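A.B. asks: Data: data_30.txt, compact mmCIF, C-alpha atoms.
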# COMPACT_ATOMS: atom_id res chain seq x y z
CA MET A 1 123.92 114.88 122.61
CA GLN A 2 123.85 112.23 119.91
CA GLU A 3 120.77 110.65 121.47
CA LYS A 4 118.94 113.98 121.35
CA LEU A 5 119.84 114.41 117.71
CA SER A 6 118.94 110.89 116.73
CA SER A 7 115.59 110.86 118.51
CA PRO A 8 113.80 113.25 116.12
CA ASN A 9 115.27 111.36 113.16
CA SER A 10 114.04 108.07 114.59
CA SER A 11 110.56 109.49 115.13
CA LYS A 12 110.53 110.86 111.62
CA LYS A 13 111.56 107.51 110.15
CA LEU A 14 108.91 105.74 112.22
CA PHE A 15 106.26 108.19 111.01
CA GLN A 16 107.34 107.64 107.41
CA PHE A 17 107.13 103.88 107.94
CA VAL A 18 103.60 104.22 109.32
CA LYS A 19 102.66 106.29 106.27
CA LEU A 20 104.10 103.61 104.00
CA ILE A 21 101.99 100.94 105.71
CA CYS A 22 98.92 103.14 105.32
CA ILE A 23 99.67 103.61 101.62
CA ILE A 24 99.95 99.86 101.11
CA GLY A 25 96.67 99.36 102.96
CA ILE A 26 94.82 102.20 101.22
CA PHE A 27 95.80 101.27 97.66
CA PRO A 28 93.60 98.14 97.37
CA VAL A 29 90.71 100.10 98.90
CA ILE A 30 91.09 102.81 96.26
CA ILE A 31 91.01 100.19 93.52
CA GLY A 32 87.90 98.75 95.15
CA PHE A 33 86.15 102.12 95.32
CA ILE A 34 86.97 102.81 91.68
CA ARG A 35 85.55 99.42 90.71
CA GLY A 36 82.44 100.10 92.77
CA LEU A 37 82.04 103.47 91.09
CA ILE A 38 82.39 101.91 87.64
CA PHE A 39 79.81 99.23 88.50
CA GLU A 40 77.30 101.86 89.60
CA ILE A 41 77.92 104.02 86.54
CA ALA A 42 77.30 100.95 84.37
CA LYS A 43 73.79 100.71 85.84
CA LEU A 44 72.87 104.16 84.53
CA GLU A 45 71.11 104.74 81.24
CA PRO A 46 73.60 104.61 78.33
CA LEU A 47 73.07 108.30 77.56
CA PHE A 48 74.18 109.28 81.06
CA SER A 49 77.07 106.85 81.42
CA LYS A 50 78.44 107.65 77.96
CA SER A 51 78.13 111.38 78.61
CA LEU A 52 80.08 110.95 81.84
CA TYR A 53 82.88 108.99 80.22
CA TRP A 54 83.04 111.38 77.28
CA GLY A 55 83.48 114.21 79.77
CA ILE A 56 86.43 112.41 81.35
CA VAL A 57 88.00 111.60 77.99
CA SER A 58 87.43 115.14 76.70
CA TYR A 59 89.36 116.69 79.57
CA LEU A 60 92.22 114.21 79.30
CA LEU A 61 92.53 114.89 75.56
CA LEU A 62 92.45 118.63 76.22
CA HIS A 63 95.10 118.31 78.92
CA ILE A 64 97.41 116.06 76.93
CA PHE A 65 97.19 117.52 73.44
CA LEU A 66 96.00 121.14 73.68
CA ILE A 67 96.47 122.98 76.96
CA GLU A 68 97.17 122.33 80.63
CA PRO A 69 94.69 124.62 82.44
CA LEU A 70 96.60 124.64 85.72
CA LYS A 71 96.70 128.43 86.12
CA PHE A 72 92.99 128.69 85.34
CA TYR A 73 92.27 125.92 87.84
CA LYS A 74 94.30 127.57 90.61
CA ARG A 75 92.61 130.94 90.13
CA THR A 76 89.09 129.56 90.19
CA GLN A 77 89.76 127.03 92.94
CA ARG A 78 90.73 129.85 95.32
CA PHE A 79 87.04 130.78 95.48
CA ILE A 80 86.49 127.55 97.42
CA GLN A 81 88.78 128.84 100.17
CA VAL A 82 86.84 132.09 100.20
CA ILE A 83 83.53 130.23 100.48
CA PHE A 84 84.72 128.00 103.33
CA GLY A 85 86.97 130.58 104.98
CA PHE A 86 84.64 130.78 107.99
CA PHE A 87 85.57 127.22 109.05
CA SER A 88 89.30 126.91 109.62
CA PRO A 89 89.78 123.10 109.39
CA LEU A 90 87.74 122.91 106.18
CA PHE A 91 89.50 125.99 104.83
CA LYS A 92 92.83 124.16 104.86
CA VAL A 93 91.66 121.11 102.92
CA SER A 94 88.76 122.45 100.84
CA TYR A 95 91.12 123.52 98.05
CA TYR A 96 92.00 119.87 97.42
CA ILE A 97 88.73 118.04 98.05
CA ILE A 98 85.97 120.35 96.76
CA PRO A 99 86.07 121.21 93.04
CA PHE A 100 84.88 124.78 92.50
CA TRP A 101 83.34 124.10 89.10
CA ILE A 102 81.38 121.14 90.44
CA ILE A 103 79.80 123.47 93.00
CA ILE A 104 78.87 125.84 90.17
CA LEU A 105 77.49 122.90 88.19
CA ILE A 106 75.36 121.78 91.14
CA VAL A 107 73.95 125.29 91.58
CA ILE A 108 73.05 125.46 87.87
CA TYR A 109 71.45 122.02 88.07
CA LEU A 110 69.34 122.97 91.08
CA ILE A 111 68.14 126.11 89.32
CA PHE A 112 67.23 124.41 86.05
CA ASN A 113 66.06 121.02 87.31
CA LYS A 114 64.53 121.69 90.72
CA ILE A 115 63.26 125.25 90.35
CA LEU A 116 62.54 125.63 86.62
CA LYS A 117 61.69 121.91 86.22
CA PHE A 118 63.81 121.63 83.08
CA GLU A 119 64.97 118.00 82.95
CA GLN A 120 65.90 117.44 79.31
CA GLY A 121 69.57 118.40 79.67
CA THR A 122 70.57 116.09 82.51
CA PHE A 123 73.08 114.28 80.31
CA LEU A 124 75.04 117.54 80.02
CA PHE A 125 75.54 117.60 83.78
CA PHE A 126 76.97 114.10 83.61
CA PHE A 127 79.32 115.21 80.85
CA PHE A 128 80.57 118.27 82.71
CA SER A 129 80.82 116.35 85.98
CA GLY A 130 83.22 113.94 84.32
CA PHE A 131 85.10 116.82 82.73
CA PHE A 132 85.49 118.93 85.87
CA PHE A 133 86.27 116.04 88.20
CA SER A 134 89.00 114.88 85.84
CA MET A 135 90.41 118.40 85.81
CA HIS A 136 90.25 118.53 89.60
CA ILE A 137 92.07 115.24 90.20
CA VAL A 138 94.75 115.88 87.58
CA CYS A 139 95.43 119.44 88.71
CA VAL A 140 95.46 118.59 92.42
CA ALA A 141 97.94 115.79 91.75
CA LYS A 142 100.10 118.27 89.83
CA ILE A 143 99.87 120.95 92.52
CA LEU A 144 100.71 118.61 95.37
CA LYS A 145 103.66 117.11 93.55
CA VAL A 146 105.19 120.33 92.26
CA ASP A 147 104.36 122.95 94.85
CA GLU A 148 104.18 121.28 98.22
CA LEU A 149 105.39 117.71 98.59
CA ARG A 150 108.91 116.53 97.96
CA LYS A 151 108.98 112.98 99.23
CA ILE A 152 107.17 110.26 97.36
CA ILE A 153 105.71 108.68 100.51
CA ASP A 154 104.18 111.98 101.60
CA TYR A 155 102.88 112.60 98.10
CA LEU A 156 101.26 109.18 97.74
CA PHE A 157 99.73 109.31 101.21
CA ILE A 158 98.08 112.69 100.61
CA ILE A 159 96.98 111.96 97.05
CA PHE A 160 95.44 108.62 98.06
CA VAL A 161 93.39 110.31 100.79
CA VAL A 162 92.34 113.04 98.33
CA ILE A 163 91.27 110.41 95.78
CA ILE A 164 89.12 108.53 98.30
CA ILE A 165 87.37 111.71 99.46
CA ASN A 166 86.80 112.81 95.88
CA ILE A 167 85.37 109.43 94.87
CA PHE A 168 82.65 109.89 97.46
CA PHE A 169 82.13 113.55 96.59
CA PHE A 170 81.81 112.49 92.96
CA SER A 171 79.36 109.74 93.94
CA PHE A 172 77.16 112.15 95.88
CA ASN A 173 77.26 114.46 92.87
CA LEU A 174 76.02 111.69 90.57
CA LYS A 175 73.37 110.78 93.13
CA LEU A 176 72.01 114.30 92.81
CA TYR A 177 71.63 113.89 89.04
CA HIS A 178 70.21 110.37 89.19
CA SER A 179 68.23 109.15 92.19
CA GLU A 180 68.96 105.47 91.49
CA PHE A 181 72.71 105.93 91.76
CA SER A 182 73.78 104.37 95.07
CA VAL A 183 76.61 105.94 97.05
CA VAL A 184 76.25 103.19 99.65
CA GLU A 185 76.76 100.55 96.99
CA VAL A 186 79.92 102.29 95.80
CA GLY A 187 81.25 102.16 99.34
CA ARG A 188 80.16 98.56 99.93
CA GLN A 189 81.57 97.25 96.69
CA GLY A 190 84.69 99.30 97.22
CA ILE A 191 85.39 97.88 100.66
CA ASP A 192 84.55 94.32 99.59
CA SER A 193 86.73 94.49 96.49
CA GLY A 194 89.51 96.24 98.38
CA LEU A 195 89.57 93.63 101.14
CA LYS A 196 89.55 90.77 98.63
CA LEU A 197 92.39 92.36 96.67
CA ALA A 198 94.39 92.98 99.84
CA GLU A 199 93.82 89.39 100.96
CA ALA A 200 94.90 88.05 97.57
CA VAL A 201 98.09 90.13 97.62
CA PHE A 202 98.84 89.10 101.21
CA ASN A 203 98.34 85.42 100.42
CA GLN A 204 100.50 85.70 97.33
CA LEU A 205 103.36 87.32 99.23
CA PHE A 206 103.28 85.74 102.67
CA VAL A 207 101.27 82.51 102.62
CA PRO A 208 103.26 79.54 101.33
CA GLU A 209 101.66 77.56 98.55
CA VAL A 210 100.51 74.11 99.60
CA LYS A 211 101.43 71.42 97.10
Turn this file's structure into structure tokens for me.
C.D. replies:
Amino acid sequence: MQEKLSSPNSSKKLFQFVKLICIIGIFPVIIGFIRGLIFEIAKLEPLFSKSLYWGIVSYLLLHIFLIEPLKFYKRTQRFIQVIFGFFSPLFKVSYYIIPFWIIILIVIYLIFNKILKFEQGTFLFFFFSGFFFSMHIVCVAKILKVDELRKIIDYLFIIFVVIIINIFFFSFNLKLYHSEFSVVEVGRQGIDSGLKLAEAVFNQLFVPEVK
């Protein structure tokens, strides 16, 4: 009887341990992807890169000092589940990986830039991309922590996966606004930087220093 009771607990502990290993492995990769993203943004024209960063800063200032738009975010983000409701697997995760307002922004961009050939306001799309992606990441982190996940390992595992997916979604979004932005380069630099960081940490912790 005790063996039957302990078996599920053992499996659960093993699964948590595997998640912890994944978290440790994913973290340097996330840092690498963020560095790769920053490097690619730095290659853009100053007007575009500054607009993007001002969008990020503007949302963070709004969130910290004025209002936390979590209720607004939840209400609008539900439209994503309606849009992708036809595909069950995507329906379950779309709420966390596809920002509703970025979809709206892309539609507006395609109308103005591709159909009406109005290209003067591209910097505004960079600004609002930074703004809405910041809102998406912050609100998703809040939702996952408060509403659904109780254990820190589960929380970190899910949020790390969400961050990686959103980095690439963000990169593809910037690629749409600027043809010279390289999603491949973000991935390449991210993996290279992540592996180097992981190797450095491993050597620091486990490889004895030779005197």
A.B. asks: Compile the contact shell of Phe48 of chain A as a list of chain:residue names: residues with an atom at most 9 Å away, counting only C-alpha atoms, same-chain residues fewer than 6 positions apart removed.
C.D. replies: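 Residues near the query, excluding close chain neighbours: A:Ile41, A:Thr122, A:Phe123, A:Leu124, A:Phe125, A:Phe126, A:Phe127.
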A.B. asks: May I ask for the distance between atom CA of Leu62 of chain A and atom CA of Gly130 of chain A, given in Å to one decimal place?
C.D. replies: 13.1 Å
A.B. asks: Figure out the distance between atom CA of Tyr109 of chain A and atom CA of Val57 of chain A, please, to one decimal in Å.
C.D. replies: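 Interatomic distance, atom CA of Val57 of chain A to atom CA of Tyr109 of chain A: 22.0 Å.
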A.B. asks: What does the distance from atom CA of Glu185 of chain A to atom CA of Phe39 of chain A come to in Å, to one decimal?
C.D. replies: 9.1 Å
A.B. asks: Considering only C-alpha atoms, give me a table of residues in segment 113-208 of chain A that are at most 6 Å from segment 10-34 of chain A, with the closest atom pair and distance in Å for each, as CSV.
C.D. replies:
residue,atom,partner,partner_atom,distance
A:Phe157,CA,A:Ile23,CA,5.7
A:Gly190,CA,A:Phe33,CA,3.7
A:Ser193,CA,A:Gly32,CA,4.6
A:Gly194,CA,A:Val29,CA,4.1
A:Leu197,CA,A:Pro28,CA,5.9
A:Ala198,CA,A:Pro28,CA,5.8
A.B. asks: Looking at only C-alpha atoms, which of A:Ile106, A:Ala200, A:Leu174, A:Val184 is the one that sits closest to Leu52 of chain A?
C.D. replies: A:Leu174
A.B. asks: Using all atoms listed in the file, pick whichever of A:Ile108, A:Ile153, A:Val162, A:Met135 has the shortest atom-to-atom distance to Leu61 of chain A.
C.D. replies: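 Nearest candidate to Leu61 of chain A out of A:Ile108, A:Ile153, A:Val162, A:Met135: A:Met135.
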A.B. asks: With distances taken over only C-alpha atoms, which residue among A:Leu110, A:Ile167, A:Val93, A:Leu44 lies nearest Val186 of chain A?
C.D. replies: A:Ile167
A.B. asks: Using only C-alpha atoms, determine which residues lie at most 8 Å from Tyr95 of chain A, disregarding the query and same-chain residues fewer than 4 positions distant; provide the list as a count of residues only.
C.D. replies: 6
A.B. asks: Which is closer to Val138 of chain A than all the others in A:Lys175, A:Arg35, A:Lys50, A:His63, using all atoms listed in the file?
C.D. replies: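 With all atoms listed in the file as the atom set, the closest residue is A:His63.
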A.B. asks: Given all atoms listed in the file as the basis, pick out the residue of A:Pro69, A:Gly36, A:Phe128, A:Asn166 nearest to Asp192 of chain A.
C.D. replies: A:Gly36
A.B. asks: Please complete segment 123-158 of chain A with N, CA and C atoms and give it back as a PDB file, in the frame of the given file.
C.D. replies:
ATOM      1  N   PHE A 123      71.871 114.933  80.813  1.00  0.00           N
ATOM      2  CA  PHE A 123      73.080 114.280  80.310  1.00  0.00           C
ATOM      3  C   PHE A 123      74.259 115.253  80.241  1.00  0.00           C
ATOM      4  N   LEU A 124      73.969 116.545  80.056  1.00  0.00           N
ATOM      5  CA  LEU A 124      75.040 117.540  80.020  1.00  0.00           C
ATOM      6  C   LEU A 124      75.721 117.679  81.378  1.00  0.00           C
ATOM      7  N   PHE A 125      74.959 117.516  82.443  1.00  0.00           N
ATOM      8  CA  PHE A 125      75.540 117.600  83.780  1.00  0.00           C
ATOM      9  C   PHE A 125      76.439 116.399  84.056  1.00  0.00           C
ATOM     10  N   PHE A 126      76.078 115.253  83.505  1.00  0.00           N
ATOM     11  CA  PHE A 126      76.970 114.100  83.610  1.00  0.00           C
ATOM     12  C   PHE A 126      78.265 114.347  82.847  1.00  0.00           C
ATOM     13  N   PHE A 127      78.131 114.919  81.664  1.00  0.00           N
ATOM     14  CA  PHE A 127      79.320 115.210  80.850  1.00  0.00           C
ATOM     15  C   PHE A 127      80.265 116.162  81.589  1.00  0.00           C
ATOM     16  N   PHE A 128      79.720 117.278  82.062  1.00  0.00           N
ATOM     17  CA  PHE A 128      80.570 118.270  82.710  1.00  0.00           C
ATOM     18  C   PHE A 128      81.060 117.813  84.085  1.00  0.00           C
ATOM     19  N   SER A 129      80.321 116.930  84.730  1.00  0.00           N
ATOM     20  CA  SER A 129      80.820 116.350  85.980  1.00  0.00           C
ATOM     21  C   SER A 129      82.074 115.533  85.721  1.00  0.00           C
ATOM     22  N   GLY A 130      82.032 114.703  84.686  1.00  0.00           N
ATOM     23  CA  GLY A 130      83.220 113.940  84.320  1.00  0.00           C
ATOM     24  C   GLY A 130      84.373 114.840  83.928  1.00  0.00           C
ATOM     25  N   PHE A 131      84.069 115.892  83.190  1.00  0.00           N
ATOM     26  CA  PHE A 131      85.100 116.820  82.730  1.00  0.00           C
ATOM     27  C   PHE A 131      85.758 117.541  83.904  1.00  0.00           C
ATOM     28  N   PHE A 132      84.946 118.118  84.785  1.00  0.00           N
ATOM     29  CA  PHE A 132      85.490 118.930  85.870  1.00  0.00           C
ATOM     30  C   PHE A 132      86.142 118.090  86.967  1.00  0.00           C
ATOM     31  N   PHE A 133      85.619 116.893  87.210  1.00  0.00           N
ATOM     32  CA  PHE A 133      86.270 116.040  88.200  1.00  0.00           C
ATOM     33  C   PHE A 133      87.622 115.554  87.692  1.00  0.00           C
ATOM     34  N   SER A 134      87.702 115.264  86.412  1.00  0.00           N
ATOM     35  CA  SER A 134      89.000 114.880  85.840  1.00  0.00           C
ATOM     36  C   SER A 134      89.990 116.028  85.973  1.00  0.00           C
ATOM     37  N   MET A 135      89.546 117.230  85.668  1.00  0.00           N
ATOM     38  CA  MET A 135      90.410 118.400  85.810  1.00  0.00           C
ATOM     39  C   MET A 135      90.854 118.564  87.255  1.00  0.00           C
ATOM     40  N   HIS A 136      89.936 118.362  88.182  1.00  0.00           N
ATOM     41  CA  HIS A 136      90.250 118.530  89.600  1.00  0.00           C
ATOM     42  C   HIS A 136      91.315 117.534  90.057  1.00  0.00           C
ATOM     43  N   ILE A 137      91.128 116.266  89.753  1.00  0.00           N
ATOM     44  CA  ILE A 137      92.070 115.240  90.200  1.00  0.00           C
ATOM     45  C   ILE A 137      93.445 115.442  89.573  1.00  0.00           C
ATOM     46  N   VAL A 138      93.479 115.704  88.275  1.00  0.00           N
ATOM     47  CA  VAL A 138      94.750 115.880  87.580  1.00  0.00           C
ATOM     48  C   VAL A 138      95.498 117.105  88.096  1.00  0.00           C
ATOM     49  N   CYS A 139      94.786 118.203  88.264  1.00  0.00           N
ATOM     50  CA  CYS A 139      95.430 119.440  88.710  1.00  0.00           C
ATOM     51  C   CYS A 139      95.872 119.368  90.169  1.00  0.00           C
ATOM     52  N   VAL A 140      95.067 118.749  91.014  1.00  0.00           N
ATOM     53  CA  VAL A 140      95.460 118.590  92.420  1.00  0.00           C
ATOM     54  C   VAL A 140      96.714 117.726  92.515  1.00  0.00           C
ATOM     55  N   ALA A 141      96.757 116.645  91.748  1.00  0.00           N
ATOM     56  CA  ALA A 141      97.940 115.790  91.750  1.00  0.00           C
ATOM     57  C   ALA A 141      99.175 116.578  91.301  1.00  0.00           C
ATOM     58  N   LYS A 142      98.991 117.438  90.324  1.00  0.00           N
ATOM     59  CA  LYS A 142     100.100 118.270  89.830  1.00  0.00           C
ATOM     60  C   LYS A 142     100.530 119.288  90.877  1.00  0.00           C
ATOM     61  N   ILE A 143      99.566 119.929  91.513  1.00  0.00           N
ATOM     62  CA  ILE A 143      99.870 120.950  92.520  1.00  0.00           C
ATOM     63  C   ILE A 143     100.596 120.346  93.716  1.00  0.00           C
ATOM     64  N   LEU A 144     100.093 119.240  94.204  1.00  0.00           N
ATOM     65  CA  LEU A 144     100.710 118.610  95.370  1.00  0.00           C
ATOM     66  C   LEU A 144     102.129 118.155  95.076  1.00  0.00           C
ATOM     67  N   LYS A 145     102.340 117.634  93.894  1.00  0.00           N
ATOM     68  CA  LYS A 145     103.660 117.110  93.550  1.00  0.00           C
ATOM     69  C   LYS A 145     104.670 118.227  93.320  1.00  0.00           C
ATOM     70  N   VAL A 146     104.261 119.278  92.648  1.00  0.00           N
ATOM     71  CA  VAL A 146     105.190 120.330  92.260  1.00  0.00           C
ATOM     72  C   VAL A 146     105.384 121.367  93.354  1.00  0.00           C
ATOM     73  N   ASP A 147     104.298 121.790  93.979  1.00  0.00           N
ATOM     74  CA  ASP A 147     104.360 122.950  94.850  1.00  0.00           C
ATOM     75  C   ASP A 147     104.613 122.631  96.323  1.00  0.00           C
ATOM     76  N   GLU A 148     104.201 121.458  96.772  1.00  0.00           N
ATOM     77  CA  GLU A 148     104.180 121.280  98.220  1.00  0.00           C
ATOM     78  C   GLU A 148     104.922 120.049  98.728  1.00  0.00           C
ATOM     79  N   LEU A 149     104.835 118.940  98.046  1.00  0.00           N
ATOM     80  CA  LEU A 149     105.390 117.710  98.590  1.00  0.00           C
ATOM     81  C   LEU A 149     106.643 117.294  97.828  1.00  0.00           C
ATOM     82  N   ARG A 150     107.648 116.909  98.572  1.00  0.00           N
ATOM     83  CA  ARG A 150     108.910 116.530  97.960  1.00  0.00           C
ATOM     84  C   ARG A 150     109.172 115.033  98.032  1.00  0.00           C
ATOM     85  N   LYS A 151     108.702 114.401  99.062  1.00  0.00           N
ATOM     86  CA  LYS A 151     108.980 112.980  99.230  1.00  0.00           C
ATOM     87  C   LYS A 151     107.829 112.150  98.693  1.00  0.00           C
ATOM     88  N   ILE A 152     108.171 111.080  98.038  1.00  0.00           N
ATOM     89  CA  ILE A 152     107.170 110.260  97.360  1.00  0.00           C
ATOM     90  C   ILE A 152     106.176 109.655  98.335  1.00  0.00           C
ATOM     91  N   ILE A 153     106.626 109.277  99.529  1.00  0.00           N
ATOM     92  CA  ILE A 153     105.710 108.680 100.510  1.00  0.00           C
ATOM     93  C   ILE A 153     104.668 109.702 100.945  1.00  0.00           C
ATOM     94  N   ASP A 154     105.115 110.923 101.226  1.00  0.00           N
ATOM     95  CA  ASP A 154     104.180 111.980 101.600  1.00  0.00           C
ATOM     96  C   ASP A 154     103.194 112.257 100.471  1.00  0.00           C
ATOM     97  N   TYR A 155     103.719 112.311  99.262  1.00  0.00           N
ATOM     98  CA  TYR A 155     102.880 112.600  98.100  1.00  0.00           C
ATOM     99  C   TYR A 155     101.804 111.527  97.915  1.00  0.00           C
ATOM    100  N   LEU A 156     102.215 110.268  97.949  1.00  0.00           N
ATOM    101  CA  LEU A 156     101.260 109.180  97.740  1.00  0.00           C
ATOM    102  C   LEU A 156     100.222 109.127  98.857  1.00  0.00           C
ATOM    103  N   PHE A 157     100.662 109.356 100.083  1.00  0.00           N
ATOM    104  CA  PHE A 157      99.730 109.310 101.210  1.00  0.00           C
ATOM    105  C   PHE A 157      98.640 110.373 101.054  1.00  0.00           C
ATOM    106  N   ILE A 158      99.048 111.597 100.750  1.00  0.00           N
ATOM    107  CA  ILE A 158      98.080 112.690 100.610  1.00  0.00           C
ATOM    108  C   ILE A 158      97.185 112.470  99.399  1.00  0.00           C
TER     109      ILE A 158
END
